[in-house]
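Q: What follows is a single structure, and I will ask about it in a moment.
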Amino acid sequence: VTELPMRIAILGNFLEWALLILVGLGVWLSLSLGRWGWLAAAAAWGAALFLAAAWQKDRSWFRKLIEALIWVLIYIPVWLAGGLVLYLCVLVVIGPGVLSWLDCVRVNTAAGTLTLLITFLPSSLGVREVSFIALLQNQVAPALALALALLIRIICTLSDLGWGMAGWLVSRLIRFISSADRQDRLNPRL
């Protein structure tokens, strides 16, 4: 049980959603549109920095900006890692030489950002898969694009299950330790 008001938790979820979209958009723009893409990416990342800094209370602007920068800098490798997962799937399903790692980062950030923008539904109900297929249709056969999209869905689902289980186990451990501490305080040993 947390002392955090529900309103703050919901706003925090929307902040994370907005930061993921802005950082993903920035990564895609920086890789897709050349010099102008970098300017547009800087604007997207600047908006993410502003939102993350404005969210924080009771700190100097310098500390808010540093923490916001850390948040944004954490999301950039997340998007790049998603592209790496797609690249490894491309190597397994299609083989080398079809798509580069940067191509996969572009496809992953475009599909992921589009999915975040379009839907609030659980598991995105196929929006990400359709986006992958549409974005890959010029580079690979539709059947291979579908296989890649389904493979990515399986990997994401297993990852969600794994991280969810790990989080549940950690929370159980924390509750066990805190209840043992509470029990020790109530019943001190002689």
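Ordering of the structure tokens sets the chain letters (A, B, ...); residue numbers start at 1 within each chain; ligands are numbered from 1 in the order shown.
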Find the residues of segment 110-146 of chain A that sit at most 12 Å from segment 59-80 of chain A; for each, write down the nearest two atoms and how far apart they are in Å, to one decimal. Count only C-alpha atoms. Sort by chain, then by number going up, and give it as a Markdown table.
A:
| residue | atom | partner | partner_atom | distance |
| --- | --- | --- | --- | --- |
| A:Ala110 | CA | A:Trp79 | CA | 10.1 |
| A:Ala111 | CA | A:Trp79 | CA | 11.0 |
| A:Gly112 | CA | A:Trp79 | CA | 8.7 |
| A:Thr113 | CA | A:Trp79 | CA | 9.8 |
Q: Can those selected residues be exported to a file as a CSV table (one decimal), in the first residue's frame so that it contains N, CA and C atoms?
A:
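The file below, selection.csv, is the result:
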chain,number,residue,atom,x,y,z
A,110,ALA,N,9.2,4.3,-35.1
A,110,ALA,CA,8.0,4.7,-35.8
A,110,ALA,C,6.8,3.9,-35.4
A,111,ALA,N,6.9,2.6,-35.4
A,111,ALA,CA,5.8,1.7,-35.0
A,111,ALA,C,5.4,1.9,-33.5
A,112,GLY,N,6.4,2.0,-32.7
A,112,GLY,CA,6.2,2.1,-31.3
A,112,GLY,C,5.6,3.5,-30.9
A,113,THR,N,6.1,4.5,-31.5
A,113,THR,CA,5.5,5.9,-31.3
A,113,THR,C,4.1,6.0,-31.8
Q: Run DSSP on the backbone and give me the residues of chain A it puts in alpha helix (DSSP H), as a PyMOL selection string.
A: chain A and resi 6-32+34-55+61-93+101-118+127-136+142-186
Q: Could you tell me which of A:Gly12, A:Gly162, A:Pro5, A:Gly82 comes closest to Gln56 of chain A if we count only C-alpha atoms?
A: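 Of all the options, A:Gly12 lies closest to Gln56 of chain A.
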Q: Identify, on the basis of only C-alpha atoms, every residue whose closest approach to segment 22-24 of chain A does not exceed 6 Å; exclude the query and any residue fewer than 2 positions from it along the same chain; express the result as a PyMOL selection string.
A: chain A and resi 19-20+26-27+44-45+48+109+113
Q: Which is closest to Gln137 of chain A among A:Val107, A:Val170, A:Phe50, A:Leu150, if we use only C-alpha atoms?
A: A:Val107
